[in-house]
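Enquirer: Okay, so here is target36.txt, and as you'll see once you scroll down, it has compact mmCIF, C-alpha atoms.
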```
# COMPACT_ATOMS: atom_id res chain seq x y z
CA MET Y 1 -4.68 6.65 -38.96
CA LEU Y 2 -5.57 5.76 -35.44
CA THR Y 3 -8.59 3.61 -35.10
CA ARG Y 4 -10.94 4.08 -32.17
CA LYS Y 5 -10.36 0.49 -31.11
CA ILE Y 6 -6.65 1.05 -30.62
CA GLU Y 7 -7.27 4.14 -28.53
CA ILE Y 8 -9.70 2.25 -26.32
CA LEU Y 9 -7.34 -0.69 -25.90
CA VAL Y 10 -4.44 1.59 -24.99
CA GLY Y 11 -6.67 3.35 -22.49
CA LEU Y 12 -7.62 0.00 -20.97
CA PHE Y 13 -3.94 -1.00 -20.88
CA LEU Y 14 -2.98 2.13 -18.96
CA LEU Y 15 -5.95 1.70 -16.62
CA SER Y 16 -5.11 -1.91 -15.86
CA GLY Y 17 -1.53 -0.88 -15.14
CA LEU Y 18 -2.89 1.69 -12.72
CA ALA Y 19 -5.23 -0.90 -11.24
CA ALA Y 20 -2.33 -3.29 -10.65
CA PHE Y 21 -0.43 -0.48 -8.96
CA LEU Y 22 -3.36 0.36 -6.71
CA ILE Y 23 -3.88 -3.30 -5.84
CA LEU Y 24 -0.24 -3.61 -4.86
CA VAL Y 25 -0.30 -0.42 -2.81
CA PHE Y 26 -3.58 -0.82 -0.99
CA ASN Y 27 -4.10 -4.55 -0.88
CA VAL Y 28 -0.58 -5.90 -0.59
CA ALA Y 29 1.48 -3.20 1.11
CA ASN Y 30 -1.12 -1.58 3.30
CA VAL Y 31 -3.77 -2.90 5.56
CA GLU Y 32 -7.30 -2.17 4.61
CA VAL Y 33 -10.01 -3.20 7.00
CA LYS Y 34 -13.63 -2.89 6.12
CA THR Y 35 -16.15 -3.09 8.90
CA GLY Y 36 -19.26 -3.87 6.97
CA ASP Y 37 -22.80 -4.28 8.22
CA SER Y 38 -22.38 -8.00 8.70
CA SER Y 39 -20.10 -7.62 11.71
CA TYR Y 40 -20.06 -6.24 15.23
CA THR Y 41 -17.09 -5.02 17.23
CA LEU Y 42 -15.76 -6.10 20.60
CA HIS Y 43 -12.85 -4.77 22.57
CA ALA Y 44 -10.38 -6.60 24.75
CA LYS Y 45 -7.43 -5.47 26.81
CA PHE Y 46 -4.32 -7.60 27.11
CA SER Y 47 -1.06 -7.10 28.94
CA ASN Y 48 0.94 -8.59 26.07
CA ILE Y 49 -0.30 -9.47 22.61
CA GLY Y 50 2.88 -11.19 21.40
CA GLY Y 51 2.80 -11.57 17.63
CA LEU Y 52 -0.90 -10.89 17.12
CA LYS Y 53 -1.57 -8.86 13.99
CA VAL Y 54 -4.42 -6.99 12.41
CA ARG Y 55 -6.57 -9.47 10.42
CA SER Y 56 -5.51 -12.37 12.64
CA PRO Y 57 -8.45 -14.76 13.06
CA VAL Y 58 -10.64 -15.15 16.15
CA LYS Y 59 -11.55 -18.78 16.63
CA VAL Y 60 -14.02 -20.70 18.78
CA GLY Y 61 -12.95 -24.32 18.93
CA GLY Y 62 -11.08 -23.87 15.65
CA VAL Y 63 -13.92 -22.18 13.77
CA VAL Y 64 -13.15 -18.66 12.56
CA VAL Y 65 -15.83 -16.33 13.95
CA GLY Y 66 -14.15 -12.98 13.41
CA ARG Y 67 -10.93 -11.10 12.84
CA VAL Y 68 -8.77 -8.58 14.63
CA SER Y 69 -9.61 -5.22 13.09
CA ALA Y 70 -7.34 -2.87 15.06
CA ILE Y 71 -4.60 -2.94 17.65
CA ARG Y 72 -3.68 0.18 19.62
CA LEU Y 73 -2.15 1.13 22.92
CA ASP Y 74 -4.22 2.54 25.78
CA PRO Y 75 -2.57 5.95 26.33
CA GLU Y 76 -3.15 5.95 30.09
CA ARG Y 77 -2.54 2.42 31.23
CA LEU Y 78 -0.10 1.62 28.41
CA GLU Y 79 -1.75 -1.67 27.65
CA PRO Y 80 -2.63 -2.95 24.20
CA ILE Y 81 -6.31 -2.80 23.25
CA VAL Y 82 -7.43 -5.20 20.55
CA THR Y 83 -10.57 -4.48 18.55
CA LEU Y 84 -12.32 -7.51 17.12
CA SER Y 85 -14.64 -7.49 14.18
CA MET Y 86 -17.00 -10.43 14.79
CA ASP Y 87 -19.27 -12.05 12.25
CA LYS Y 88 -22.93 -11.23 12.99
CA GLN Y 89 -23.74 -14.86 12.28
CA TYR Y 90 -22.10 -15.78 15.59
CA LYS Y 91 -23.57 -13.38 18.12
CA TYR Y 92 -24.55 -15.58 21.03
CA PHE Y 93 -21.55 -15.30 23.28
CA PRO Y 94 -22.18 -14.60 26.97
CA ASP Y 95 -20.16 -11.80 28.53
CA THR Y 96 -18.44 -14.31 30.78
CA SER Y 97 -16.47 -15.53 27.76
CA SER Y 98 -12.70 -15.34 27.84
CA LEU Y 99 -10.11 -14.57 25.17
CA SER Y 100 -6.63 -15.99 24.99
CA ILE Y 101 -3.84 -15.52 22.49
CA LEU Y 102 -2.83 -18.90 21.09
CA THR Y 103 -0.28 -20.05 18.57
CA SER Y 104 -0.99 -22.45 15.73
CA GLY Y 105 1.83 -24.94 15.87
CA LEU Y 106 5.17 -24.28 17.51
CA LEU Y 107 6.30 -21.52 15.17
CA GLY Y 108 3.02 -20.64 13.49
CA GLU Y 109 0.90 -17.54 13.48
CA GLN Y 110 -0.87 -16.30 16.59
CA PHE Y 111 -4.62 -16.08 16.78
CA LEU Y 112 -7.29 -15.28 19.36
CA GLY Y 113 -9.08 -18.18 20.95
CA LEU Y 114 -12.50 -17.31 22.33
CA SER Y 115 -13.86 -19.66 24.97
CA PRO Y 116 -17.59 -19.12 25.53
CA GLY Y 117 -18.44 -18.74 29.21
CA PHE Y 118 -21.35 -20.25 31.14
CA MET Y 119 -24.85 -19.08 30.42
CA ASP Y 120 -27.27 -18.15 33.12
CA ASP Y 121 -30.41 -16.08 33.43
CA ASP Y 122 -28.56 -13.07 34.78
CA VAL Y 123 -25.67 -13.32 32.33
CA GLU Y 124 -25.93 -10.91 29.42
CA MET Y 125 -24.87 -11.54 25.84
CA LEU Y 126 -21.99 -9.65 24.22
CA VAL Y 127 -23.27 -6.92 21.90
CA ASP Y 128 -21.67 -4.36 19.64
CA GLY Y 129 -19.08 -2.23 21.45
CA ASP Y 130 -18.78 -4.45 24.54
CA SER Y 131 -15.45 -5.39 25.96
CA ILE Y 132 -14.27 -8.77 27.15
CA ASP Y 133 -12.61 -8.55 30.55
CA ASP Y 134 -11.31 -12.07 31.00
CA THR Y 135 -8.22 -12.18 28.80
CA HIS Y 136 -5.09 -14.28 28.80
CA SER Y 137 -1.99 -12.79 27.25
CA ALA Y 138 0.34 -14.38 24.77
CA LEU Y 139 2.93 -16.81 26.00
CA VAL Y 140 6.33 -15.36 25.26
CA LEU Y 141 8.84 -18.13 24.75
CA GLU Y 142 11.78 -16.17 26.15
CA GLU Y 143 9.91 -15.43 29.39
CA LEU Y 144 8.95 -19.09 29.76
CA ILE Y 145 12.55 -20.17 29.30
CA GLY Y 146 13.65 -17.51 31.76
CA GLN Y 147 11.17 -18.74 34.38
CA PHE Y 148 12.21 -22.33 33.78
CA LEU Y 149 15.90 -21.54 34.17
CA TYR Y 150 15.13 -19.54 37.31
CA SER Y 151 13.17 -22.37 38.90
CA VAL Y 152 15.86 -24.91 37.96
CA GLY Y 153 18.51 -22.64 39.39
CA SER Y 154 16.68 -22.03 42.70
CA LYS Y 155 16.22 -25.79 43.27
CA GLY Y 156 19.90 -26.66 43.00
CA MET P 1 52.36 -12.90 -37.34
CA GLY P 2 49.75 -14.98 -35.56
CA LEU P 3 50.20 -13.03 -32.35
CA ILE P 4 49.99 -9.66 -34.11
CA ASN P 5 46.77 -10.80 -35.78
CA GLN P 6 45.31 -11.79 -32.44
CA ILE P 7 46.19 -8.39 -30.94
CA ALA P 8 44.69 -6.64 -33.95
CA LYS P 9 41.52 -8.69 -33.57
CA LEU P 10 41.25 -7.70 -29.92
CA GLY P 11 41.78 -4.07 -30.80
CA ARG P 12 39.17 -4.22 -33.54
CA GLY P 13 36.70 -5.74 -31.11
CA ALA P 14 37.32 -2.98 -28.57
CA ILE P 15 36.97 -0.25 -31.21
CA ASP P 16 33.74 -1.82 -32.49
CA LEU P 17 32.37 -1.92 -28.95
CA VAL P 18 33.14 1.73 -28.30
CA VAL P 19 31.79 2.77 -31.71
CA GLY P 20 28.62 0.77 -31.02
CA LEU P 21 28.12 2.38 -27.63
CA GLY P 22 28.69 5.80 -29.17
CA GLN P 23 26.23 5.13 -31.99
CA ALA P 24 23.62 3.86 -29.56
CA GLY P 25 24.07 6.92 -27.37
CA MET P 26 23.86 9.30 -30.36
CA MET P 27 20.72 7.54 -31.58
CA LEU P 28 18.96 7.83 -28.23
CA TRP P 29 20.10 11.42 -27.76
CA GLY P 30 18.87 12.36 -31.24
CA ALA P 31 15.56 10.67 -30.57
CA ILE P 32 14.62 12.05 -27.18
CA ALA P 33 16.55 15.29 -26.70
CA HIS P 34 13.89 17.52 -28.24
CA ARG P 35 11.12 19.68 -27.02
CA PRO P 36 8.06 17.38 -26.88
CA ARG P 37 5.47 17.91 -29.59
CA PHE P 38 2.28 16.72 -27.98
CA ARG P 39 -0.08 17.28 -30.90
CA LYS P 40 2.02 15.39 -33.41
CA GLY P 41 3.69 12.97 -31.02
CA THR P 42 0.71 11.63 -29.08
CA PRO P 43 -0.96 9.64 -31.93
CA LEU P 44 2.37 8.03 -32.76
CA LEU P 45 2.93 7.19 -29.10
CA ILE P 46 -0.55 5.68 -28.70
CA ARG P 47 -0.03 3.56 -31.80
CA GLN P 48 3.22 2.20 -30.33
CA LEU P 49 1.72 1.73 -26.87
CA TYR P 50 -0.80 -0.51 -28.55
CA VAL P 51 1.82 -2.54 -30.41
CA ILE P 52 4.33 -2.76 -27.56
CA GLY P 53 2.15 -2.64 -24.45
CA VAL P 54 -1.32 -3.97 -25.19
CA GLN P 55 -0.13 -6.81 -27.38
CA SER P 56 2.34 -7.96 -24.69
CA MET P 57 -0.36 -8.03 -22.03
CA VAL P 58 -1.66 -11.54 -22.66
CA ILE P 59 1.69 -13.28 -22.34
CA ILE P 60 2.58 -11.21 -19.27
CA LEU P 61 -0.70 -11.93 -17.50
CA VAL P 62 -0.74 -15.64 -18.28
CA SER P 63 2.86 -16.21 -17.29
CA GLY P 64 2.45 -14.07 -14.17
CA LEU P 65 -0.48 -16.17 -13.03
CA PHE P 66 1.33 -19.43 -13.58
CA ILE P 67 4.60 -18.26 -12.03
CA GLY P 68 2.72 -17.12 -8.93
CA MET P 69 0.92 -20.46 -8.75
CA VAL P 70 4.03 -22.57 -9.18
CA LEU P 71 5.94 -20.45 -6.68
CA ALA P 72 3.17 -20.95 -4.13
CA LEU P 73 3.02 -24.69 -4.74
CA GLN P 74 6.78 -25.20 -4.38
CA GLY P 75 6.95 -22.87 -1.40
CA TYR P 76 4.05 -24.64 0.28
CA ASN P 77 5.71 -28.03 -0.07
CA ILE P 78 8.82 -26.73 1.69
CA LEU P 79 7.15 -24.56 4.31
CA VAL P 80 4.64 -27.22 5.35
CA GLY P 81 7.56 -29.30 6.59
CA PHE P 82 8.26 -26.62 9.19
CA GLY P 83 4.60 -26.00 9.98
CA THR P 84 4.93 -22.40 8.78
CA GLU P 85 2.83 -22.58 5.64
CA GLU P 86 1.19 -19.25 6.62
CA SER P 87 4.45 -17.57 5.59
CA LEU P 88 3.64 -18.52 1.98
CA GLY P 89 2.07 -15.09 1.41
CA PRO P 90 5.20 -13.01 2.06
CA MET P 91 7.35 -15.56 0.27
CA VAL P 92 5.31 -15.28 -2.92
CA ALA P 93 4.74 -11.53 -2.68
CA LEU P 94 8.30 -10.56 -1.85
CA SER P 95 9.93 -12.79 -4.43
CA LEU P 96 7.54 -11.46 -7.07
CA LEU P 97 7.88 -7.81 -6.09
CA ARG P 98 11.62 -7.79 -5.57
CA GLU P 99 12.88 -10.09 -8.31
CA LEU P 100 10.57 -12.13 -10.48
CA GLY P 101 8.09 -9.41 -11.39
CA PRO P 102 10.57 -6.94 -12.90
CA VAL P 103 13.02 -9.54 -14.23
CA VAL P 104 10.70 -12.09 -15.82
CA SER P 105 8.48 -9.43 -17.34
CA ALA P 106 11.59 -7.73 -18.79
CA LEU P 107 12.77 -11.05 -20.27
CA LEU P 108 9.34 -11.74 -21.75
CA PHE P 109 9.18 -8.17 -22.99
CA ALA P 110 12.56 -8.57 -24.70
CA GLY P 111 11.32 -11.71 -26.42
CA ARG P 112 7.87 -10.43 -27.29
CA ALA P 113 8.27 -6.71 -28.01
CA GLY P 114 12.03 -6.18 -28.33
CA SER P 115 12.53 -8.69 -31.12
CA ALA P 116 9.51 -7.32 -32.98
CA LEU P 117 10.91 -3.78 -32.72
CA THR P 118 14.27 -4.87 -34.08
CA ALA P 119 12.76 -6.80 -36.97
CA GLU P 120 10.42 -3.94 -37.85
CA LEU P 121 13.16 -1.32 -37.81
CA GLY P 122 15.57 -3.64 -39.60
CA LEU P 123 13.10 -4.15 -42.42
CA MET P 124 12.43 -0.42 -42.60
CA LYS P 125 16.15 0.14 -42.89
CA SER P 126 16.75 -2.52 -45.54
CA THR P 127 13.84 -1.34 -47.67
CA GLU P 128 15.25 2.18 -47.29
CA GLN P 129 12.14 3.59 -45.69
CA LEU P 130 14.27 5.39 -43.14
CA SER P 131 16.33 7.07 -45.87
CA SER P 132 13.13 8.05 -47.69
CA LEU P 133 11.88 9.75 -44.55
CA GLU P 134 15.11 11.73 -44.40
CA MET P 135 14.68 12.65 -48.07
CA MET P 136 11.30 14.12 -47.16
CA ALA P 137 12.96 16.13 -44.37
CA ILE P 138 11.35 14.05 -41.64
CA ASP P 139 13.77 13.08 -38.90
CA PRO P 140 13.42 9.28 -38.56
CA LEU P 141 14.83 9.47 -35.05
CA ARG P 142 11.95 11.66 -33.91
CA GLN P 143 9.29 10.07 -36.07
CA ILE P 144 10.20 6.38 -35.69
CA ILE P 145 12.59 5.88 -32.77
CA ALA P 146 11.26 8.30 -30.17
CA PRO P 147 7.64 7.03 -29.95
CA ARG P 148 8.85 3.44 -29.78
CA PHE P 149 11.32 4.27 -27.03
CA TRP P 150 8.79 6.10 -24.89
CA ALA P 151 6.16 3.43 -25.44
CA GLY P 152 8.60 0.79 -24.20
CA VAL P 153 9.60 2.85 -21.19
CA ILE P 154 5.96 3.45 -20.24
CA SER P 155 4.75 -0.10 -20.95
CA LEU P 156 7.24 -2.29 -19.14
CA PRO P 157 6.79 -0.92 -15.59
CA LEU P 158 3.02 -1.22 -16.02
CA LEU P 159 3.40 -4.76 -17.32
CA ALA P 160 5.68 -5.65 -14.39
CA LEU P 161 3.10 -4.34 -11.92
CA MET P 162 0.37 -6.37 -13.62
CA PHE P 163 2.63 -9.42 -13.59
CA THR P 164 3.25 -9.04 -9.86
CA ALA P 165 -0.36 -8.39 -8.95
CA ILE P 166 -1.67 -11.37 -10.88
CA GLY P 167 1.20 -13.52 -9.59
CA ILE P 168 0.20 -12.79 -6.00
CA TYR P 169 -3.36 -13.65 -6.95
CA GLY P 170 -2.06 -16.94 -8.40
CA GLY P 171 -0.30 -17.60 -5.10
CA HIS P 172 -3.57 -16.91 -3.32
CA ILE P 173 -5.39 -19.39 -5.57
CA VAL P 174 -2.93 -22.18 -4.78
CA GLY P 175 -2.28 -21.34 -1.13
CA VAL P 176 -5.75 -20.44 0.07
CA GLU P 177 -8.21 -22.01 -2.34
CA TRP P 178 -6.37 -25.23 -2.97
CA LYS P 179 -4.04 -25.90 -0.03
CA GLY P 180 -6.36 -24.40 2.54
CA ILE P 181 -4.15 -21.83 4.27
CA ASP P 182 -6.30 -19.43 6.28
CA SER P 183 -7.02 -16.45 4.05
CA GLY P 184 -6.67 -13.94 6.89
CA ALA P 185 -3.30 -15.33 7.95
CA PHE P 186 -2.12 -15.36 4.33
CA TRP P 187 -3.01 -11.70 3.78
CA SER P 188 -2.13 -10.39 7.22
CA ILE P 189 1.41 -11.74 7.20
CA LEU P 190 1.76 -10.72 3.58
CA GLN P 191 0.61 -7.17 4.30
CA SER P 192 2.78 -6.80 7.36
CA SER P 193 5.92 -7.86 5.51
CA VAL P 194 5.54 -5.86 2.27
CA GLU P 195 6.71 -2.29 2.52
CA TRP P 196 5.77 0.53 0.21
CA ARG P 197 9.22 2.11 -0.16
CA GLN P 198 11.41 -0.97 0.09
CA ASP P 199 9.40 -3.27 -2.13
CA ILE P 200 6.94 -1.50 -4.40
CA VAL P 201 9.03 1.58 -5.24
CA ASN P 202 12.08 -0.59 -5.84
CA CYS P 203 10.00 -2.82 -8.12
CA ILE P 204 9.03 0.21 -10.20
CA ILE P 205 12.60 1.57 -10.28
CA LYS P 206 13.95 -1.78 -11.40
CA SER P 207 11.44 -2.31 -14.16
CA SER P 208 11.84 1.27 -15.43
CA LEU P 209 15.58 0.77 -15.80
CA PHE P 210 15.02 -2.59 -17.48
CA ALA P 211 12.56 -0.89 -19.83
CA VAL P 212 15.16 1.69 -20.88
CA VAL P 213 17.83 -0.97 -21.42
CA VAL P 214 15.68 -3.46 -23.33
CA THR P 215 14.02 -0.88 -25.58
CA TRP P 216 17.30 0.87 -26.24
CA ILE P 217 19.09 -2.32 -27.26
CA ALA P 218 16.18 -3.36 -29.48
CA LEU P 219 16.03 0.02 -31.22
CA TYR P 220 19.79 0.24 -31.67
CA ARG P 221 20.03 -3.26 -33.13
CA GLY P 222 17.22 -2.49 -35.57
CA TYR P 223 18.44 0.97 -36.53
CA HIS P 224 22.00 -0.12 -37.23
CA VAL P 225 21.17 -3.42 -38.90
CA VAL P 226 23.17 -4.86 -41.78
CA PRO P 227 20.49 -4.40 -44.45
CA ASN P 228 19.97 -7.96 -45.69
CA PRO P 229 17.88 -10.92 -44.50
CA GLU P 230 20.78 -12.49 -42.65
CA GLY P 231 21.55 -9.19 -40.94
CA ILE P 232 17.97 -8.82 -39.74
CA SER P 233 17.89 -12.31 -38.31
CA ARG P 234 21.24 -11.72 -36.58
CA ALA P 235 20.06 -8.41 -35.17
CA THR P 236 16.84 -9.95 -33.81
CA THR P 237 18.77 -12.72 -32.09
CA GLN P 238 21.27 -10.25 -30.70
CA THR P 239 18.46 -8.12 -29.30
CA VAL P 240 17.03 -10.99 -27.31
CA VAL P 241 20.39 -12.34 -26.13
CA GLN P 242 21.94 -9.01 -25.24
CA SER P 243 18.92 -7.53 -23.54
CA SER P 244 18.37 -10.71 -21.50
CA LEU P 245 21.99 -10.67 -20.35
CA ALA P 246 21.84 -6.94 -19.68
CA VAL P 247 18.66 -7.35 -17.61
CA LEU P 248 20.10 -10.17 -15.52
CA THR P 249 23.41 -8.36 -14.90
CA LEU P 250 21.71 -5.08 -14.11
CA ASP P 251 19.34 -6.91 -11.81
CA PHE P 252 22.19 -8.21 -9.71
CA LEU P 253 23.73 -4.74 -9.48
CA LEU P 254 20.41 -3.13 -8.55
CA THR P 255 19.63 -5.83 -6.01
CA ALA P 256 23.05 -5.37 -4.44
CA MET P 257 22.42 -1.64 -4.20
CA MET P 258 18.84 -1.89 -2.94
CA PHE P 259 18.94 -4.90 -0.63
CA GLY P 260 22.66 -5.57 -0.24
CA SER P 261 23.35 -3.62 2.90
```
So that I can check it, write out the structure of this file as structure tokens.

Expert:
Amino acid sequence: MLTRKIEILVGLFLLSGLAAFLILVFNVANVEVKTGDSSYTLHAKFSNIGGLKVRSPVKVGGVVVGRVSAIRLDPERLEPIVTLSMDKQYKYFPDTSSLSILTSGLLGEQFLGLSPGFMDDDVEMLVDGDSIDDTHSALVLEELIGQFLYSVGSKG
Amino acid sequence: MGLINQIAKLGRGAIDLVVGLGQAGMMLWGAIAHRPRFRKGTPLLIRQLYVIGVQSMVIILVSGLFIGMVLALQGYNILVGFGTEESLGPMVALSLLRELGPVVSALLFAGRAGSALTAELGLMKSTEQLSSLEMMAIDPLRQIIAPRFWAGVISLPLLALMFTAIGIYGGHIVGVEWKGIDSGAFWSILQSSVEWRQDIVNCIIKSSLFAVVVTWIALYRGYHVVPNPEGISRATTQTVVQSSLAVLTLDFLLTAMMFGS
């Protein structure tokens, strides 16, 4: 009555339905970050991260060298701490490098711009687990407009 | 006399409608209001899952892929004018999850599986196979209708999920591989804007209700067919037309309830 082929195909059908569900739940609705062997992590503290999100790119001169892997708040100083997952391929950044939060276009997504610092004999390279101290926070448009209006108002 | 005839016609239409609704309700009640018989019912259900679900998979997957791709291409052309082409991800994913996934897969399902169900049942009815089952003391509602109904109700939500998943992948192909949107930006904005309860659960609720409606209409039209070739062709057409209209109307009501306020 029932051939084996039909049973197998129905089983595959149900499994692919389940697979689609799992893809939607874990890949589309939730964030899944894998820190594989091919990456190293850096930490950076900002005073304001603006619209930076997990998985936002880290760029050096426009080239993507890593991604934001976690964003959390320092419980004591109440400042955001951003964890970067950097590609091992790019591991020659001196620890005088600086990070700034930039925006692609006027309304676009925010990303981290890494500017490599100077290199010297007594300057060490960034390795796994290091933190970058020189950071520039996101520009918040409302604050800029507020400052502008304030300076215009104080002149006149 | 002409006016009286018109009023009589209206009344006849209303009575027919109520009788039809009652018959459809009785049919469904007779089919599913029983204690489940797993040992006897499961093979029948698997057989119907194959006919209704597995054989609809190809059309669902192919059209899902292309709808995702075309959505991404059109969306990209508009969004790039504002320099916000990174928002393509949520645009594709949300429109697929909230509307297109459940609705288009239900429409395709009505055309692919619903019409086949009606034609099959209609032919069974006109060749008096259903009456023969009753003669042998086998309840055709439990033997024929129930497995088809459950198979439809199980299949369509799964098909809608597959449609949505492959549609998002189609959007990724066009947006990231072809148009060169940054893959991280595409997925990160997409992931931050899709919510589990609001989007995915509502997608499943919608497609489950559509599954009940489409399968029910198809089974009713087939079971109460006028047993001749013309009747079968009418019933098949009615299945597709009525279930498409029902899906679109129901979709508006559900959307208003889920996302209206």

Enquirer: With only C-alpha atoms as the counted atoms, please give the residues lying no more than 10 Å from region 18-24 of chain P, apart from itself and same-chain residues fewer than 3 positions off, as a tab-separated table (two decimals) with C-alpha atoms, keeping the file's coordinate frame.

Expert:
```tsv
chain	number	residue	atom	x	y	z
P	12	ARG	CA	39.17	-4.22	-33.54
P	13	GLY	CA	36.70	-5.74	-31.11
P	14	ALA	CA	37.32	-2.98	-28.57
P	15	ILE	CA	36.97	-0.25	-31.21
P	27	MET	CA	20.72	7.54	-31.58
P	28	LEU	CA	18.96	7.83	-28.23
P	29	TRP	CA	20.10	11.42	-27.76
P	30	GLY	CA	18.87	12.36	-31.24
P	216	TRP	CA	17.30	0.87	-26.24
P	217	ILE	CA	19.09	-2.32	-27.26
P	219	LEU	CA	16.03	0.02	-31.22
P	220	TYR	CA	19.79	0.24	-31.67
P	221	ARG	CA	20.03	-3.26	-33.13
P	223	TYR	CA	18.44	0.97	-36.53
P	224	HIS	CA	22.00	-0.12	-37.23
```

Enquirer: Counting only C-alpha atoms, which residues of chain Y come no farther than 12 Å from chain P, as a count of residues only?

Expert: 59

Enquirer: Which residues are near Glu124 (chain Y)? Cut-off 10 Å, all atoms listed in the file, ignore same chain within fewer than 6 positions. Put them as a ChimeraX atom specification.

Expert: /Y:92-96
